[in-house]
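**Student:** Please find input-v2.cif (mmCIF, C-alpha atoms) on the next line:
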data_data
#
loop_
_atom_site.label_atom_id
_atom_site.label_comp_id
_atom_site.auth_asym_id
_atom_site.auth_seq_id
_atom_site.Cartn_x
_atom_site.Cartn_y
_atom_site.Cartn_z
CA MET S 1371 148.79 -56.37 -222.65
CA ILE S 1372 150.15 -55.98 -219.11
CA ALA S 1373 152.31 -58.90 -217.96
CA ILE S 1374 151.60 -60.61 -214.64
CA ARG S 1375 154.95 -61.89 -213.38
CA THR S 1376 155.49 -65.19 -211.60
CA THR S 1377 157.18 -65.60 -208.22
CA ARG S 1378 160.36 -66.72 -210.02
CA GLU S 1379 160.32 -63.68 -212.30
CA ILE S 1380 159.71 -61.30 -209.40
CA ALA S 1381 162.70 -62.81 -207.57
CA ILE S 1382 164.94 -62.03 -210.56
CA LEU S 1383 163.48 -58.54 -210.89
CA ARG S 1384 164.24 -58.02 -207.21
CA GLU S 1385 167.87 -58.95 -207.87
CA ALA S 1386 168.10 -56.66 -210.91
CA ASN S 1387 166.68 -53.74 -208.98
CA ARG S 1388 168.95 -54.43 -206.02
CA ILE S 1389 171.87 -53.85 -208.37
CA VAL S 1390 170.23 -50.62 -209.55
CA ALA S 1391 169.77 -49.42 -205.98
CA ASP S 1392 173.35 -50.27 -204.98
CA VAL S 1393 174.73 -48.42 -208.00
CA LEU S 1394 172.53 -45.39 -207.32
CA ASP S 1395 173.74 -45.27 -203.72
CA GLU S 1396 177.37 -45.31 -204.78
CA MET S 1397 176.98 -42.82 -207.63
CA ALA S 1398 175.05 -40.41 -205.41
CA SER S 1399 177.84 -40.52 -202.83
CA HIS S 1400 180.25 -39.23 -205.50
CA VAL S 1401 178.15 -36.20 -206.44
CA ALA S 1402 180.32 -33.24 -205.43
CA PRO S 1403 181.50 -29.90 -206.84
CA GLY S 1404 184.11 -30.52 -209.52
CA ALA S 1405 183.04 -34.07 -210.36
CA THR S 1406 182.22 -34.58 -214.03
CA THR S 1407 179.10 -36.30 -215.24
CA ARG S 1408 181.32 -38.50 -217.44
CA ASP S 1409 183.24 -39.75 -214.40
CA LEU S 1410 179.97 -40.54 -212.60
CA ASP S 1411 178.77 -42.49 -215.61
CA ALA S 1412 182.02 -44.47 -215.82
CA LEU S 1413 181.63 -45.34 -212.13
CA GLY S 1414 178.05 -46.47 -212.72
CA GLU S 1415 178.95 -48.70 -215.65
CA ARG S 1416 181.82 -50.31 -213.78
CA LEU S 1417 179.63 -51.04 -210.77
CA ILE S 1418 176.85 -52.51 -212.91
CA ARG S 1419 179.22 -54.87 -214.68
CA GLU S 1420 181.00 -55.87 -211.46
CA ARG S 1421 177.65 -57.02 -210.12
CA GLY S 1422 176.93 -59.17 -213.16
CA GLY S 1423 174.57 -56.76 -214.90
CA ILE S 1424 174.50 -55.02 -218.25
CA PRO S 1425 173.64 -51.30 -218.55
CA SER S 1426 170.12 -51.22 -219.99
CA PHE S 1427 170.50 -47.73 -221.40
CA LEU S 1428 173.79 -48.17 -223.29
CA GLY S 1429 172.92 -48.38 -226.98
CA TYR S 1430 169.16 -48.27 -226.32
CA ARG S 1431 167.79 -46.53 -229.43
CA GLY S 1432 171.31 -45.17 -229.88
CA TYR S 1433 171.76 -43.72 -226.40
CA PRO S 1434 175.55 -43.30 -225.95
CA ALA S 1435 176.08 -43.81 -222.19
CA ALA S 1436 175.44 -46.31 -219.41
CA THR S 1437 173.42 -43.95 -217.22
CA CYS S 1438 171.49 -40.69 -217.53
CA ILE S 1439 172.75 -37.75 -215.48
CA SER S 1440 170.52 -34.68 -215.55
CA VAL S 1441 171.63 -31.44 -213.89
CA ASP S 1442 169.35 -28.62 -212.69
CA GLU S 1443 167.14 -27.64 -215.67
CA VAL S 1444 167.67 -31.01 -217.38
CA ILE S 1445 164.58 -33.11 -216.70
CA ILE S 1446 165.73 -36.52 -217.97
CA HIS S 1447 168.08 -38.20 -220.46
CA GLY S 1448 171.06 -35.99 -219.71
CA ILE S 1449 174.04 -37.45 -221.60
CA PRO S 1450 177.16 -37.67 -219.40
CA GLY S 1451 180.14 -35.66 -220.61
CA PRO S 1452 182.82 -33.21 -219.49
CA ARG S 1453 180.43 -30.97 -217.54
CA LYS S 1454 181.72 -30.32 -214.02
CA LEU S 1455 179.15 -30.20 -211.26
CA ARG S 1456 178.85 -26.98 -209.29
CA ALA S 1457 177.78 -26.38 -205.72
CA GLY S 1458 174.10 -25.48 -205.50
CA GLU S 1459 172.96 -27.64 -208.41
CA ILE S 1460 170.71 -30.69 -208.19
CA VAL S 1461 171.75 -33.84 -210.00
CA GLY S 1462 169.36 -36.51 -211.29
CA ILE S 1463 170.81 -40.01 -211.73
CA ASP S 1464 168.86 -42.64 -213.66
CA VAL S 1465 170.14 -46.24 -213.77
CA GLY S 1466 168.83 -49.25 -215.68
CA VAL S 1467 170.24 -52.78 -215.41
CA LEU S 1468 169.62 -55.93 -217.43
CA TYR S 1469 170.17 -59.01 -215.25
CA LYS S 1470 169.31 -62.60 -216.15
CA GLY S 1471 167.00 -61.34 -218.87
CA TYR S 1472 165.06 -58.83 -216.75
CA HIS S 1473 165.40 -55.09 -216.35
CA GLY S 1474 165.62 -52.98 -213.21
CA ASP S 1475 165.16 -49.21 -213.31
CA ALA S 1476 165.24 -46.43 -210.72
CA ALA S 1477 166.31 -42.82 -210.34
CA LEU S 1478 166.91 -40.17 -207.73
CA THR S 1479 167.91 -36.53 -207.59
CA VAL S 1480 170.46 -35.29 -205.05
CA PRO S 1481 171.93 -31.95 -204.08
CA CYS S 1482 175.48 -31.06 -205.07
CA GLY S 1483 176.77 -29.38 -201.95
CA VAL S 1484 174.38 -26.93 -200.33
CA VAL S 1485 171.34 -26.00 -202.42
CA ASP S 1486 168.83 -23.19 -202.02
CA LYS S 1487 165.46 -23.66 -200.32
CA GLU S 1488 163.52 -23.89 -203.57
CA ARG S 1489 165.64 -26.73 -204.91
CA LEU S 1490 165.55 -28.55 -201.59
CA ARG S 1491 161.77 -28.26 -201.43
CA LEU S 1492 161.54 -29.50 -205.02
CA LEU S 1493 163.47 -32.65 -204.06
CA GLN S 1494 161.29 -33.22 -201.02
CA VAL S 1495 158.03 -32.75 -202.91
CA THR S 1496 159.06 -34.96 -205.83
CA GLU S 1497 160.05 -37.70 -203.44
CA ARG S 1498 156.73 -37.34 -201.61
CA ALA S 1499 154.90 -37.53 -204.94
CA LEU S 1500 156.59 -40.86 -205.66
CA ALA S 1501 155.72 -42.15 -202.19
CA ALA S 1502 152.08 -41.08 -202.65
CA ALA S 1503 151.92 -42.84 -206.01
CA ILE S 1504 153.39 -46.08 -204.65
CA ALA S 1505 150.86 -46.02 -201.81
CA MET S 1506 148.08 -46.06 -204.42
CA ALA S 1507 149.57 -49.01 -206.35
CA THR S 1508 147.36 -51.58 -204.66
CA PRO S 1509 145.13 -54.33 -206.11
CA GLY S 1510 141.76 -53.02 -207.18
CA ASN S 1511 142.88 -49.43 -207.65
CA TRP S 1512 143.05 -47.94 -211.11
CA LEU S 1513 146.21 -46.67 -212.76
CA GLN S 1514 144.58 -43.24 -212.70
CA ASP S 1515 144.80 -43.31 -208.89
CA VAL S 1516 148.60 -43.55 -209.14
CA SER S 1517 148.83 -40.70 -211.64
CA ARG S 1518 146.44 -38.50 -209.69
CA ALA S 1519 148.48 -38.88 -206.49
CA ILE S 1520 151.57 -37.52 -208.21
CA GLN S 1521 149.80 -34.53 -209.73
CA ARG S 1522 147.99 -33.58 -206.53
CA THR S 1523 151.18 -33.74 -204.45
CA ALA S 1524 153.17 -31.63 -206.90
CA GLU S 1525 150.58 -29.01 -207.69
CA LYS S 1526 149.57 -28.58 -204.06
CA ALA S 1527 153.15 -27.48 -203.45
CA GLY S 1528 153.05 -25.03 -206.37
CA PHE S 1529 155.12 -27.11 -208.79
CA SER S 1530 154.22 -28.48 -212.23
CA VAL S 1531 154.18 -32.03 -213.60
CA VAL S 1532 155.92 -32.98 -216.84
CA ARG S 1533 153.42 -34.42 -219.31
CA VAL S 1534 155.59 -35.44 -222.28
CA PHE S 1535 157.42 -38.22 -220.42
CA VAL S 1536 155.76 -40.94 -218.34
CA GLY S 1537 156.47 -44.04 -216.27
CA HIS S 1538 156.05 -47.53 -217.66
CA GLY S 1539 155.77 -51.22 -217.09
CA ILE S 1540 159.07 -53.09 -217.04
CA GLY S 1541 160.28 -56.68 -217.20
CA THR S 1542 161.91 -58.56 -220.05
CA SER S 1543 161.80 -55.29 -222.01
CA MET S 1544 162.90 -51.91 -220.75
CA HIS S 1545 159.55 -50.31 -221.54
CA GLU S 1546 156.36 -52.36 -221.39
CA ASP S 1547 152.67 -51.67 -220.91
CA PRO S 1548 151.20 -49.76 -219.22
CA GLN S 1549 152.32 -46.21 -219.71
CA ILE S 1550 152.04 -44.40 -216.37
CA PRO S 1551 151.28 -40.67 -216.71
CA ASN S 1552 152.31 -38.42 -213.85
CA PHE S 1553 149.06 -36.49 -214.18
CA ASP S 1554 145.37 -37.30 -214.41
CA THR S 1555 144.53 -37.75 -218.09
CA GLY S 1556 140.84 -38.31 -217.35
CA ASP S 1557 141.15 -41.98 -218.30
CA ARG S 1558 141.13 -44.39 -215.36
CA GLY S 1559 143.31 -46.88 -217.27
CA PRO S 1560 143.70 -50.54 -216.26
CA ARG S 1561 142.82 -51.94 -212.84
CA LEU S 1562 145.92 -52.94 -210.90
CA LYS S 1563 146.51 -56.63 -210.19
CA PRO S 1564 149.10 -58.55 -208.13
CA GLY S 1565 152.20 -59.37 -210.15
CA MET S 1566 152.23 -56.21 -212.26
CA ILE S 1567 155.66 -54.54 -212.37
CA LEU S 1568 155.59 -50.76 -212.65
CA ALA S 1569 158.36 -48.17 -212.96
CA ILE S 1570 156.79 -45.07 -211.45
CA GLU S 1571 158.77 -41.89 -212.08
CA PRO S 1572 157.46 -38.41 -211.31
CA MET S 1573 159.29 -35.55 -213.05
CA ILE S 1574 158.44 -32.29 -211.32
CA ASN S 1575 159.42 -28.75 -212.37
CA THR S 1576 159.65 -25.56 -210.35
CA GLY S 1577 158.23 -23.56 -213.25
CA THR S 1578 156.36 -24.54 -216.40
CA TYR S 1579 155.70 -28.16 -217.29
CA GLU S 1580 156.70 -27.42 -220.89
CA VAL S 1581 159.75 -29.24 -222.23
CA ARG S 1582 162.40 -28.47 -224.83
CA LEU S 1583 164.54 -31.14 -226.50
CA LEU S 1584 168.17 -30.27 -227.23
CA ASP S 1585 169.91 -30.89 -230.54
CA ASP S 1586 171.33 -34.23 -229.35
CA HIS S 1587 167.71 -35.51 -229.52
CA TRP S 1588 167.98 -36.93 -225.99
CA THR S 1589 168.46 -34.18 -223.43
CA ALA S 1590 165.09 -32.83 -222.25
CA VAL S 1591 165.18 -29.49 -220.44
CA THR S 1592 162.56 -27.25 -218.89
CA ALA S 1593 161.32 -24.67 -221.40
CA ASP S 1594 161.92 -21.84 -218.91
CA GLY S 1595 165.33 -23.05 -217.70
CA LYS S 1596 164.17 -23.62 -214.13
CA PRO S 1597 165.19 -26.70 -212.09
CA SER S 1598 163.50 -30.08 -212.37
CA ALA S 1599 163.67 -33.21 -210.17
CA HIS S 1600 163.18 -36.88 -211.04
CA PHE S 1601 162.62 -39.83 -208.71
CA GLU S 1602 161.77 -43.37 -209.76
CA HIS S 1603 161.18 -46.79 -208.25
CA SER S 1604 160.36 -50.13 -209.82
CA ILE S 1605 157.62 -51.80 -207.80
CA VAL S 1606 155.54 -54.95 -207.87
CA VAL S 1607 151.85 -54.79 -207.04
CA GLY S 1608 151.40 -57.27 -204.17
CA GLU S 1609 148.37 -59.00 -202.72
CA LYS S 1610 147.72 -56.06 -200.37
CA GLU S 1611 150.25 -53.33 -201.17
CA ALA S 1612 153.17 -52.52 -203.43
CA GLU S 1613 156.66 -53.82 -202.78
CA ILE S 1614 159.46 -51.46 -203.75
CA LEU S 1615 162.02 -53.57 -205.60
CA SER S 1616 164.74 -50.92 -205.90
CA LEU S 1617 165.62 -50.54 -202.22
CA THR S 1618 168.64 -51.67 -200.21
CA PRO S 1619 169.03 -52.23 -196.46
CA LYS S 1620 171.27 -49.14 -196.50
CA ARG S 1621 168.39 -47.06 -197.82
CA SER S 1622 166.10 -46.84 -194.84
CA TRP S 1623 164.36 -43.65 -195.88
CA GLY S 1624 160.88 -43.78 -197.31
CA VAL S 1625 161.60 -43.63 -200.99
CA LEU S 1626 164.80 -42.90 -202.88
CA GLY S 1627 165.94 -39.42 -202.08
CA HIS S 1628 168.65 -37.91 -199.92
CA ALA S 1629 166.55 -34.83 -199.24
CA SER S 1630 163.64 -36.09 -197.16
#
Go ahead and express the file in the form of structure tokens.

**Tutor:**
Amino acid sequence: MIAIRTTREIAILREANRIVADVLDEMASHVAPGATTRDLDALGERLIRERGGIPSFLGYRGYPAATCISVDEVIIHGIPGPRKLRAGEIVGIDVGVLYKGYHGDAALTVPCGVVDKERLRLLQVTERALAAAIAMATPGNWLQDVSRAIQRTAEKAGFSVVRVFVGHGIGTSMHEDPQIPNFDTGDRGPRLKPGMILAIEPMINTGTYEVRLLDDHWTAVTADGKPSAHFEHSIVVGEKEAEILSLTPKRSWGVLGHAS
């Protein structure tokens, strides 16, 4: 069953996602050669707690960190640690916050120093795929329209769409109905209605869409070792169009990325 949130609930979700967006901004500004993923995670946790939130990911099904930091071939769920970032890599940052009983969730992928043209284009296309999906999240459309927009944008550019991991509804639980595939499954899914809260998150690879899970049972990497990008927004379906909840006044660009 897909929850339809009240005006009061949406106001709290807006606050939760504002914290997420602020933390993402600050963490992204610290991505630089020599920085460790552990240090970035510590920064993220401190910022979340300073703003009155609780890290949604910490302890979730045993996950050991406050944020997910996924570098280059890591698609999602990269566990922060001693790894030092290197110039030319791309760094995915995923942040979840529990605030007043409601969860916010968003992600972006940023370059570490100067990156090659392929990585830069991957960031741009993945961000465009998210924008295209959000544009389809309007009342009366089907969930399939959202998924199809992601796949078409990615594959038109010659990239592939991860199929194992999907977006999701979000609210009082981190993951709620509906699941939101990033590709057209052939099933139109539910019709979108005002008040639905969706976390839309395309994961796009430069090579194969196949995924390999590392021995830590969390870190998902591309099967061919090629780079992957991940962008995510939490949105509410409005009366006429979607409202992106995970934006800040500072973030004036179209979606979430630093590469558009």

**Student:** Quick one: everything within 8 Å of Gly1451 in chain S, counting all atoms listed in the file, minus sequence neighbours fewer than 4 positions away in the same chain. Send it as a ChimeraX atom specification.

**Tutor:** /S:1406-1408

**Student:** Of the residues S:Ala1386, S:Leu1478, S:Val1531, S:Ala1402, which is the one nearest to Val1581 in chain S, using only C-alpha atoms?

**Tutor:**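 Smallest distance to Val1581 in chain S is found for S:Val1531.
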
**Student:** With 3 Å added on each side, what axis-aligned box encloses every listed atom of range 1569-1584 of chain S? Give the centre and edge lengths in Å to one decimal, as lines of an AutoDock Vina configuration file.

**Tutor:**
center_x = 161.9
center_y = -35.9
center_z = -218.8
size_x = 18.5
size_y = 30.6
size_z = 22.9

**Student:** So which one's closest to Gly1577 in chain S, S:Gln1549, S:Ser1530, S:Gln1494, S:Ser1604? Using all atoms listed in the file, please.

**Tutor:** S:Ser1530

**Student:** Between S:Asp1475, S:Glu1488, S:Glu1385, S:Asp1585, which one has atoms that come closest to Gly1539 in chain S, using only C-alpha atoms?

**Tutor:**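 Under the stated criterion, the closest residue is S:Asp1475.
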
**Student:** At a cut-off of 10 Å, using all atoms listed in the file, what residues contact Tyr1469 in chain S? Leave out same-chain residues fewer than 3 positions from it and give the result as a PyMOL selection string.

**Tutor:** chain S and resi 1382-1383+1385-1387+1389+1418-1419+1421-1426+1466+1472-1474+1542

**Student:** Go ahead and save the picked residues with C-alpha atoms, as a short mmCIF file (atom, residue, chain, number, x, y, z; two decimals), in the frame of the given file.

**Tutor:**
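Produced file selection-v4.cif, reproduced below:
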data_model
loop_
_atom_site.label_atom_id
_atom_site.label_comp_id
_atom_site.auth_asym_id
_atom_site.auth_seq_id
_atom_site.Cartn_x
_atom_site.Cartn_y
_atom_site.Cartn_z
CA ILE S 1382 164.94 -62.03 -210.56
CA LEU S 1383 163.48 -58.54 -210.89
CA GLU S 1385 167.87 -58.95 -207.87
CA ALA S 1386 168.10 -56.66 -210.91
CA ASN S 1387 166.68 -53.74 -208.98
CA ILE S 1389 171.87 -53.85 -208.37
CA ILE S 1418 176.85 -52.51 -212.91
CA ARG S 1419 179.22 -54.87 -214.68
CA ARG S 1421 177.65 -57.02 -210.12
CA GLY S 1422 176.93 -59.17 -213.16
CA GLY S 1423 174.57 -56.76 -214.90
CA ILE S 1424 174.50 -55.02 -218.25
CA PRO S 1425 173.64 -51.30 -218.55
CA SER S 1426 170.12 -51.22 -219.99
CA GLY S 1466 168.83 -49.25 -215.68
CA TYR S 1472 165.06 -58.83 -216.75
CA HIS S 1473 165.40 -55.09 -216.35
CA GLY S 1474 165.62 -52.98 -213.21
CA THR S 1542 161.91 -58.56 -220.05
#

**Student:** Taking the file as shown, what set of residues would the PyMOL selection byres ((chain S and resi 1476) around 9) give back, as a list in words?

**Tutor:**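 That selection, the PyMOL selection byres ((chain S and resi 1476) around 9), comes back as Asn1387, Val1390, Ala1391, Leu1394, Ile1463, Asp1464, Val1465, Gly1466, Gly1474, Asp1475, Ala1477, Leu1478, Ala1569, Ile1570, Glu1571, Phe1601, Glu1602, His1603, Ser1604, Ser1616 and Leu1626 of chain S.
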
**Student:** Selected residues, C-alpha atoms, written as a CSV table (one decimal), keeping the file's coordinate frame, please.

**Tutor:**
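Wrote again.csv, looks like this:
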chain,number,residue,atom,x,y,z
S,1387,ASN,CA,166.7,-53.7,-209.0
S,1390,VAL,CA,170.2,-50.6,-209.6
S,1391,ALA,CA,169.8,-49.4,-206.0
S,1394,LEU,CA,172.5,-45.4,-207.3
S,1463,ILE,CA,170.8,-40.0,-211.7
S,1464,ASP,CA,168.9,-42.6,-213.7
S,1465,VAL,CA,170.1,-46.2,-213.8
S,1466,GLY,CA,168.8,-49.2,-215.7
S,1474,GLY,CA,165.6,-53.0,-213.2
S,1475,ASP,CA,165.2,-49.2,-213.3
S,1477,ALA,CA,166.3,-42.8,-210.3
S,1478,LEU,CA,166.9,-40.2,-207.7
S,1569,ALA,CA,158.4,-48.2,-213.0
S,1570,ILE,CA,156.8,-45.1,-211.4
S,1571,GLU,CA,158.8,-41.9,-212.1
S,1601,PHE,CA,162.6,-39.8,-208.7
S,1602,GLU,CA,161.8,-43.4,-209.8
S,1603,HIS,CA,161.2,-46.8,-208.2
S,1604,SER,CA,160.4,-50.1,-209.8
S,1616,SER,CA,164.7,-50.9,-205.9
S,1626,LEU,CA,164.8,-42.9,-202.9

**Student:** Which of these, S:Gly1595, S:Gly1608, S:Gly1471, S:Pro1450, has the shortest distance to Met1544 in chain S once you count all atoms listed in the file?

**Tutor:**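 For Met1544 in chain S, the nearest of the given residues is S:Gly1471.
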
**Student:** Which of these residues is nearest to Ser1399 in chain S, using only C-alpha atoms: S:Ile1520, S:Val1461, S:Ile1380, S:Val1441?

**Tutor:**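 Of S:Ile1520, S:Val1461, S:Ile1380, S:Val1441, the one nearest Ser1399 in chain S is S:Val1461, counting only C-alpha atoms.
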
**Student:** Figure out the distance between CA of Thr1576 in chain S and CA of Ala1435 in chain S, please, to one decimal in Å.

**Tutor:**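 Interatomic distance here is 27.3 Å.
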
**Student:** Could you jot down the CA of Ala1612 in chain S to CA of Thr1496 in chain S separation for me, Å, one decimal place?

**Tutor:**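 CA of Thr1496 in chain S lies 18.7 Å from CA of Ala1612 in chain S.
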
**Student:** Quick one: pull the distance between CA of Arg1491 in chain S and CA of Ala1398 in chain S, Å, one decimal.

**Tutor:**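 For CA of Arg1491 in chain S relative to CA of Ala1398 in chain S, the distance reads 18.4 Å.
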
**Student:** Can you tell me, as a PyMOL selection string, what residues are no more than 8 Å from range 1501-1505 of chain S when counting all atoms listed in the file, ignoring any on the same chain fewer than 6 positions away?

**Tutor:** chain S and resi 1515-1520+1523+1570+1605+1611-1612+1624-1625

**Student:** Quick check on the file I pasted: which residues fall under the PyMOL selection byres ((chain S and resi 1547) around 8)? Write them as a ChimeraX atom specification.

**Tutor:** /S:1371-1373,1538-1540,1545-1546,1548-1549

**Student:** Given only C-alpha atoms as the basis, pick out the residue of S:Val1534, S:Val1607, S:Ile1449, S:Leu1490 nearest to Trp1512 in chain S.

**Tutor:** S:Val1607

**Student:** What lies within 9 Å of Gly1510 in chain S using only C-alpha atoms, ignoring chain neighbours under 5 positions off, as an MDAnalysis selection string?

**Tutor:** chainID S and resid 1561:1563

**Student:** Run the PyMOL selection byres ((chain S and resi 1535) around 9) mentally over the shown coordinates, then write out the matched residues as a list in words, using the chain letters and numbers from the document.

**Tutor:**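 Output of the PyMOL selection byres ((chain S and resi 1535) around 9): Ile1446, Val1532, Arg1533, Val1534, Val1536, Gly1537, Pro1551, Asn1552 and Met1573 of chain S.
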